[in-house]
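Here's target_31.pdb, which has PDB, C-alpha atoms:
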MODEL        1
ATOM      1  CA  MET P   1      31.651   2.606   4.943
ATOM      2  CA  ASN P   2      29.231   2.134   2.025
ATOM      3  CA  LYS P   3      30.004   2.690  -1.644
ATOM      4  CA  LEU P   4      28.347   6.112  -1.822
ATOM      5  CA  GLN P   5      30.402   7.339   1.109
ATOM      6  CA  LYS P   6      33.530   6.114  -0.690
ATOM      7  CA  LEU P   7      32.455   8.056  -3.788
ATOM      8  CA  GLU P   8      31.970  11.214  -1.719
ATOM      9  CA  ILE P   9      35.480  10.822  -0.282
ATOM     10  CA  GLU P  10      36.862  10.278  -3.786
ATOM     11  CA  ILE P  11      35.087  13.435  -5.060
ATOM     12  CA  ASP P  12      36.574  15.424  -2.180
ATOM     13  CA  THR P  13      40.009  14.001  -3.028
ATOM     14  CA  TYR P  14      39.604  14.992  -6.699
ATOM     15  CA  ILE P  15      38.541  18.506  -5.717
ATOM     16  CA  GLU P  16      41.613  18.905  -3.480
ATOM     17  CA  ARG P  17      43.880  17.707  -6.311
ATOM     18  CA  ILE P  18      42.271  20.171  -8.758
ATOM     19  CA  LYS P  19      42.751  23.016  -6.250
ATOM     20  CA  GLU P  20      46.461  22.132  -6.014
ATOM     21  CA  GLU P  21      46.786  22.059  -9.811
ATOM     22  CA  ILE P  22      45.108  25.485 -10.110
ATOM     23  CA  LYS P  23      47.387  26.924  -7.428
ATOM     24  CA  ASP P  24      50.431  25.562  -9.267
ATOM     25  CA  ASP P  25      49.276  26.870 -12.659
ATOM     26  CA  PHE P  26      48.547  30.376 -11.354
ATOM     27  CA  ALA P  27      51.521  30.614  -8.936
ATOM     28  CA  ASP P  28      53.353  33.076 -11.200
ATOM     29  CA  ASP P  29      50.347  35.449 -11.166
ATOM     30  CA  ASN P  30      50.402  35.649  -7.352
ATOM     31  CA  VAL P  31      46.606  35.851  -7.532
ATOM     32  CA  LEU P  32      44.123  33.044  -8.068
ATOM     33  CA  PRO P  33      41.229  33.517 -10.460
ATOM     34  CA  LYS P  34      38.198  35.015  -8.698
ATOM     35  CA  ASP P  35      35.800  32.232  -9.814
ATOM     36  CA  TRP P  36      35.464  29.236 -12.121
ATOM     37  CA  GLU P  37      34.421  31.452 -15.038
ATOM     38  CA  ASP P  38      37.624  33.414 -14.591
ATOM     39  CA  VAL P  39      39.570  30.115 -14.787
ATOM     40  CA  HIS P  40      37.736  29.390 -18.058
ATOM     41  CA  ASN P  41      38.686  32.821 -19.401
ATOM     42  CA  LYS P  42      42.383  32.312 -18.663
ATOM     43  CA  CYS P  43      42.797  28.680 -19.761
ATOM     44  CA  ASP P  44      41.015  25.492 -20.771
ATOM     45  CA  ALA P  45      39.442  24.715 -17.393
ATOM     46  CA  ASN P  46      38.235  21.323 -18.611
ATOM     47  CA  MET P  47      41.810  20.094 -18.350
ATOM     48  CA  TYR P  48      41.523  20.204 -14.564
ATOM     49  CA  TYR P  49      38.755  17.671 -14.242
ATOM     50  CA  ALA P  50      38.549  15.733 -17.527
ATOM     51  CA  ASP P  51      40.770  12.878 -16.321
ATOM     52  CA  TYR P  52      39.076  12.827 -12.928
ATOM     53  CA  ILE P  53      35.624  12.679 -14.509
ATOM     54  CA  THR P  54      36.704   9.699 -16.590
ATOM     55  CA  ASP P  55      38.076   7.923 -13.518
ATOM     56  CA  PHE P  56      35.026   8.933 -11.515
ATOM     57  CA  GLY P  57      32.740   7.656 -14.281
ATOM     58  CA  PHE P  58      34.360   4.227 -14.032
ATOM     59  CA  MET P  59      33.952   4.279 -10.267
ATOM     60  CA  ILE P  60      30.281   5.198 -10.574
ATOM     61  CA  ALA P  61      29.825   2.439 -13.150
ATOM     62  CA  ASP P  62      31.400  -0.026 -10.690
ATOM     63  CA  VAL P  63      29.072   1.091  -7.901
ATOM     64  CA  ILE P  64      26.034   0.843 -10.187
ATOM     65  CA  THR P  65      27.132  -2.556 -11.492
ATOM     66  CA  ASP P  66      27.787  -3.931  -7.996
ATOM     67  CA  THR P  67      24.474  -2.574  -6.710
ATOM     68  CA  LEU P  68      22.500  -4.010  -9.632
ATOM     69  CA  ASP P  69      24.367  -7.314  -9.361
ATOM     70  CA  GLN P  70      23.390  -7.608  -5.700
ATOM     71  CA  TRP P  71      19.801  -6.617  -6.504
ATOM     72  CA  LEU P  72      19.578  -9.294  -9.221
ATOM     73  CA  LYS P  73      20.954 -11.925  -6.846
ATOM     74  CA  ASP P  74      18.422 -10.906  -4.185
ATOM     75  CA  GLU P  75      15.560 -10.910  -6.714
ATOM     76  CA  PHE P  76      16.630 -14.309  -8.036
ATOM     77  CA  ILE P  77      16.586 -15.776  -4.530
ATOM     78  CA  LEU P  78      13.260 -14.066  -3.760
ATOM     79  CA  ASN P  79      11.647 -15.310  -6.994
ATOM     80  CA  LYS P  80      13.113 -18.772  -6.528
ATOM     81  CA  THR P  81      11.576 -18.847  -3.048
ATOM     82  CA  LYS P  82       8.223 -17.559  -4.330
ATOM     83  CA  ASN P  83       8.235 -20.088  -7.185
ATOM     84  CA  SER P  84       9.123 -22.878  -4.791
ATOM     85  CA  ILE P  85       6.236 -21.900  -2.498
ATOM     86  CA  HIS P  86       3.902 -21.595  -5.502
ATOM     87  CA  LEU P  87       4.919 -25.030  -6.820
ATOM     88  CA  HIS P  88       4.470 -26.499  -3.349
ATOM     89  CA  ASN P  89       0.987 -24.992  -3.138
ATOM     90  CA  LEU P  90       0.159 -26.297  -6.622
ATOM     91  CA  GLU P  91       1.227 -29.758  -5.580
ATOM     92  CA  LYS P  92      -1.077 -29.548  -2.576
ATOM     93  CA  THR P  93      -3.996 -28.244  -4.665
ATOM     94  CA  THR P  94      -3.650 -30.148  -7.904
ATOM     95  CA  MET P  95      -6.857 -29.712  -9.841
ATOM     96  CA  LYS P  96      -8.941 -32.831  -9.894
ATOM     97  CA  THR P  97     -10.900 -34.021 -12.926
ATOM     98  CA  PHE P  98     -13.548 -36.537 -13.938
ATOM     99  CA  GLU P  99     -10.764 -39.119 -14.141
ATOM    100  CA  ASP P 100     -10.181 -38.811 -10.370
ATOM    101  CA  ILE P 101     -13.728 -39.874  -9.457
ATOM    102  CA  GLU P 102     -13.886 -43.170  -7.552
ATOM    103  CA  TRP P 103     -16.642 -45.356  -8.944
ATOM    104  CA  GLY P 104     -18.802 -48.155  -7.573
ATOM    105  CA  LYS P 105     -22.281 -49.569  -7.861
ATOM    106  CA  HIS P 106     -25.135 -47.194  -6.967
ATOM    107  CA  ARG P 107     -26.534 -47.967  -3.519
ATOM    108  CA  ALA P 108     -30.185 -47.585  -4.486
ATOM    109  CA  ALA P 109     -30.547 -47.683  -8.274
ATOM    110  CA  VAL P 110     -30.112 -51.288  -9.407
ATOM    111  CA  GLY P 111     -27.849 -51.355 -12.442
ATOM    112  CA  GLY P 112     -26.638 -47.824 -11.726
ATOM    113  CA  VAL P 113     -23.178 -46.489 -10.967
ATOM    114  CA  GLN P 114     -22.112 -43.844  -8.473
ATOM    115  CA  GLY P 115     -18.870 -41.943  -8.315
ATOM    116  CA  LEU P 116     -17.634 -39.768  -5.470
ATOM    117  CA  LEU P 117     -14.901 -37.168  -5.490
ATOM    118  CA  MET P 118     -13.738 -35.135  -2.497
ATOM    119  CA  LEU P 119     -12.470 -31.748  -3.673
ATOM    120  CA  ASN P 120      -9.495 -30.069  -2.001
ATOM    121  CA  ASN P 121     -11.780 -27.664  -0.125
ATOM    122  CA  GLY P 122     -13.952 -30.403   1.440
ATOM    123  CA  ILE P 123     -16.835 -30.213  -1.038
ATOM    124  CA  GLN P 124     -17.956 -33.644  -2.209
ATOM    125  CA  LEU P 125     -19.072 -34.333  -5.766
ATOM    126  CA  SER P 126     -21.557 -37.150  -6.397
ATOM    127  CA  VAL P 127     -21.989 -38.404  -9.963
ATOM    128  CA  VAL P 128     -24.608 -41.059 -10.751
ATOM    129  CA  ALA P 129     -25.992 -42.775 -13.843
ATOM    130  CA  GLY P 130     -28.411 -45.601 -14.565
ATOM    131  CA  PRO P 131     -32.116 -46.518 -14.627
ATOM    132  CA  GLY P 132     -34.406 -43.730 -13.364
ATOM    133  CA  LEU P 133     -31.556 -41.198 -13.116
ATOM    134  CA  TYR P 134     -30.953 -38.099 -15.229
ATOM    135  CA  SER P 135     -28.319 -39.798 -17.380
ATOM    136  CA  LEU P 136     -27.843 -41.217 -20.854
ATOM    137  CA  PRO P 137     -28.563 -43.918 -21.449
ATOM    138  CA  ARG P 138     -31.196 -44.317 -18.725
ATOM    139  CA  GLU P 139     -30.580 -48.029 -18.449
ATOM    140  CA  ALA P 140     -28.326 -50.350 -16.485
ATOM    141  CA  GLY P 141     -24.568 -50.143 -16.870
ATOM    142  CA  GLU P 142     -21.524 -51.656 -15.224
ATOM    143  CA  SER P 143     -19.129 -48.665 -15.274
ATOM    144  CA  PRO P 144     -19.053 -44.937 -16.060
ATOM    145  CA  ASN P 145     -17.770 -45.860 -19.522
ATOM    146  CA  ASP P 146     -21.277 -47.182 -20.294
ATOM    147  CA  PHE P 147     -22.722 -43.652 -20.010
ATOM    148  CA  SER P 148     -22.303 -40.393 -21.914
ATOM    149  CA  LYS P 149     -24.275 -38.140 -19.531
ATOM    150  CA  PHE P 150     -24.605 -38.153 -15.757
ATOM    151  CA  GLU P 151     -26.617 -36.727 -12.862
ATOM    152  CA  VAL P 152     -24.484 -34.590 -10.537
ATOM    153  CA  ALA P 153     -24.852 -33.232  -6.993
ATOM    154  CA  LEU P 154     -22.498 -31.310  -4.721
ATOM    155  CA  PHE P 155     -22.415 -31.461  -0.911
ATOM    156  CA  ASP P 156     -20.787 -29.019   1.479
ATOM    157  CA  THR P 157     -18.605 -30.041   4.432
ATOM    158  CA  GLU P 158     -21.759 -30.553   6.543
ATOM    159  CA  GLY P 159     -23.242 -32.942   3.964
ATOM    160  CA  GLU P 160     -25.862 -30.427   2.788
ATOM    161  CA  PHE P 161     -26.734 -29.961  -0.879
ATOM    162  CA  ILE P 162     -25.025 -27.074  -2.651
ATOM    163  CA  LEU P 163     -27.450 -25.484  -5.094
ATOM    164  CA  ILE P 164     -25.933 -25.586  -8.575
ATOM    165  CA  GLY P 165     -26.660 -24.587 -12.137
ATOM    166  CA  ASP P 166     -28.560 -21.651 -13.566
ATOM    167  CA  LEU P 167     -31.728 -22.655 -11.702
ATOM    168  CA  GLN P 168     -29.888 -23.326  -8.425
ATOM    169  CA  GLU P 169     -31.038 -26.921  -8.157
ATOM    170  CA  GLN P 170     -29.882 -29.733  -5.887
ATOM    171  CA  VAL P 171     -28.957 -31.919  -8.852
ATOM    172  CA  LEU P 172     -27.999 -31.290 -12.453
ATOM    173  CA  GLY P 173     -28.988 -33.870 -15.018
ATOM    174  CA  TRP P 174     -27.507 -34.914 -18.317
ATOM    175  CA  GLN P 175     -24.008 -33.584 -17.632
ATOM    176  CA  ASP P 176     -21.202 -34.899 -19.845
ATOM    177  CA  LYS P 177     -17.584 -35.332 -18.714
ATOM    178  CA  GLU P 178     -16.631 -31.814 -19.827
ATOM    179  CA  ASP P 179     -19.569 -30.311 -17.903
ATOM    180  CA  ILE P 180     -18.494 -32.245 -14.822
ATOM    181  CA  ASN P 181     -14.879 -31.088 -15.194
ATOM    182  CA  ASN P 182     -16.132 -27.498 -15.399
ATOM    183  CA  LEU P 183     -18.128 -27.990 -12.180
ATOM    184  CA  ILE P 184     -15.070 -29.463 -10.479
ATOM    185  CA  ILE P 185     -12.970 -26.471 -11.535
ATOM    186  CA  LYS P 186     -15.647 -24.016 -10.398
ATOM    187  CA  TYR P 187     -16.194 -25.576  -6.974
ATOM    188  CA  GLN P 188     -12.629 -26.676  -6.292
ATOM    189  CA  LYS P 189     -11.412 -23.076  -5.911
TER     190      LYS P 189
ENDMDL
END

Show me, as structure tokens, the structure contained in the file I just sent.
Amino acid sequence: MNKLQKLEIEIDTYIERIKEEIKDDFADDNVLPKDWEDVHNKCDANMYYADYITDFGFMIADVITDTLDQWLKDEFILNKTKNSIHLHNLEKTTMKTFEDIEWGKHRAAVGGVQGLLMLNNGIQLSVVAGPGLYSLPREAGESPNDFSKFEVALFDTEGEFILIGDLQEQVLGWQDKEDINNLIIKYQK
């Protein structure tokens, strides 16, 4: 039996008690009042249910409190589960940055550097700098720290160029670290 059914039974019990009280109070008249208004005309009818309403109010408050308590517990568990799943997904898809690029010597440009970064979605970022490349300075360097701007390309999972930038080009030149981080964020989604 649920709480609402218990309340219905309690209401029926209160009504039966009130009927008995009315019968007792009007026993000397040998006739019951014809309706509730007639009860009001002959006495203070509120006396019949005032105490019951107070008791009933507490019972309703208990039902509401218990129901809301259970709802809060369920919501807490649900949100905890959602947050746990969300945190797990965030751990799997932690945003990468310029600092995550793995650097080495450029394969073709003598004195150049090349960095590669595989994004979570399989897109590969290539960042190069050195002589003859769209970087600053355009001279030999030993590490990415020797450069302030880089040439960048993106490749899809098939190894094909992804057209990037406003002009939809295969490479973007003179990109600083912040520009590269913005590209990573854009294409990592």

* Name the residues that the PyMOL selection byres ((chain P and resi 144-146) around 9) picks from the file above, as a PyMOL selection string, using the file's chain letters and numbers. => chain P and resi 103+113-115+128-129+136-137+140-143+147-148+150

* Using all atoms listed in the file, determine which residues lie at most 12 Å from region 15-30 of chain P, disregarding the query and same-chain residues fewer than 5 positions distant; provide the list as a list in words. => Glu8, Ile9, Glu10, Asp35, Trp36, Asp38, Val39, His40, Lys42, Cys43, Asp44, Ala45, Asn46, Met47, Tyr48, Tyr49, Ala50, Asp51, Tyr52, Ile53 and Phe56 of chain P

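Going from CA of Pro131 (chain P) over to CA of Thr97 (chain P), you cover 24.7 Å.
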
* Answer key for the PyMOL selection byres ((chain P and resi 122-125) around 8), residues as number ranges by chain -> P: 116-121, 126-127, 152-157, 184, 187-188

* Structure fact -> What separates CA of Asp55 (chain P) and CA of Gln5 (chain P) is a distance of 16.5 Å

* Structure fact -> Across P:Glu160, P:Asn2, P:Asp166, P:Gly173, the smallest distance to Gly132 (chain P), with only C-alpha atoms counted, is shown by P:Gly173

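The residues returned by the PyMOL selection byres ((chain P and resi 165) around 12) for this structure are Val152, Ala153, Leu154, Ile162, Leu163, Ile164, Asp166, Leu167, Gln168, Glu169, Gln170, Val171, Leu172, Gly173, Gln175, Asp179, Ile180, Asn182, Leu183, Lys186 and Tyr187 of chain P.
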
* Asked: With only C-alpha atoms as the atoms that count, which of P:Gly130, P:Met59, P:Ile11, P:Leu78 lies nearest to Lys105 (chain P)?
  -> P:Gly130

* Give the answer as one residue: which of P:Ser135, P:Asn181, P:Thr67, P:Thr54 has the shortest atom-to-atom distance to Lys96 (chain P), using all atoms listed in the file? => P:Asn181

* Please provide the set of residues having any atom within 12 Å of Asp62 (chain P), restricted to only C-alpha atoms, with same-chain residues fewer than 6 positions apart removed, written as a PyMOL selection string. => chain P and resi 3-4+6-7+55-56+68-69

* Asked: Of the residues P:Lys177, P:Lys149, P:Phe98, P:Arg138, which is the one nearest to Gly111 (chain P), using only C-alpha atoms?
  -> P:Arg138

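Straight-line separation from CA of Lys189 (chain P) to CA of Met95 (chain P): 9.0 Å.
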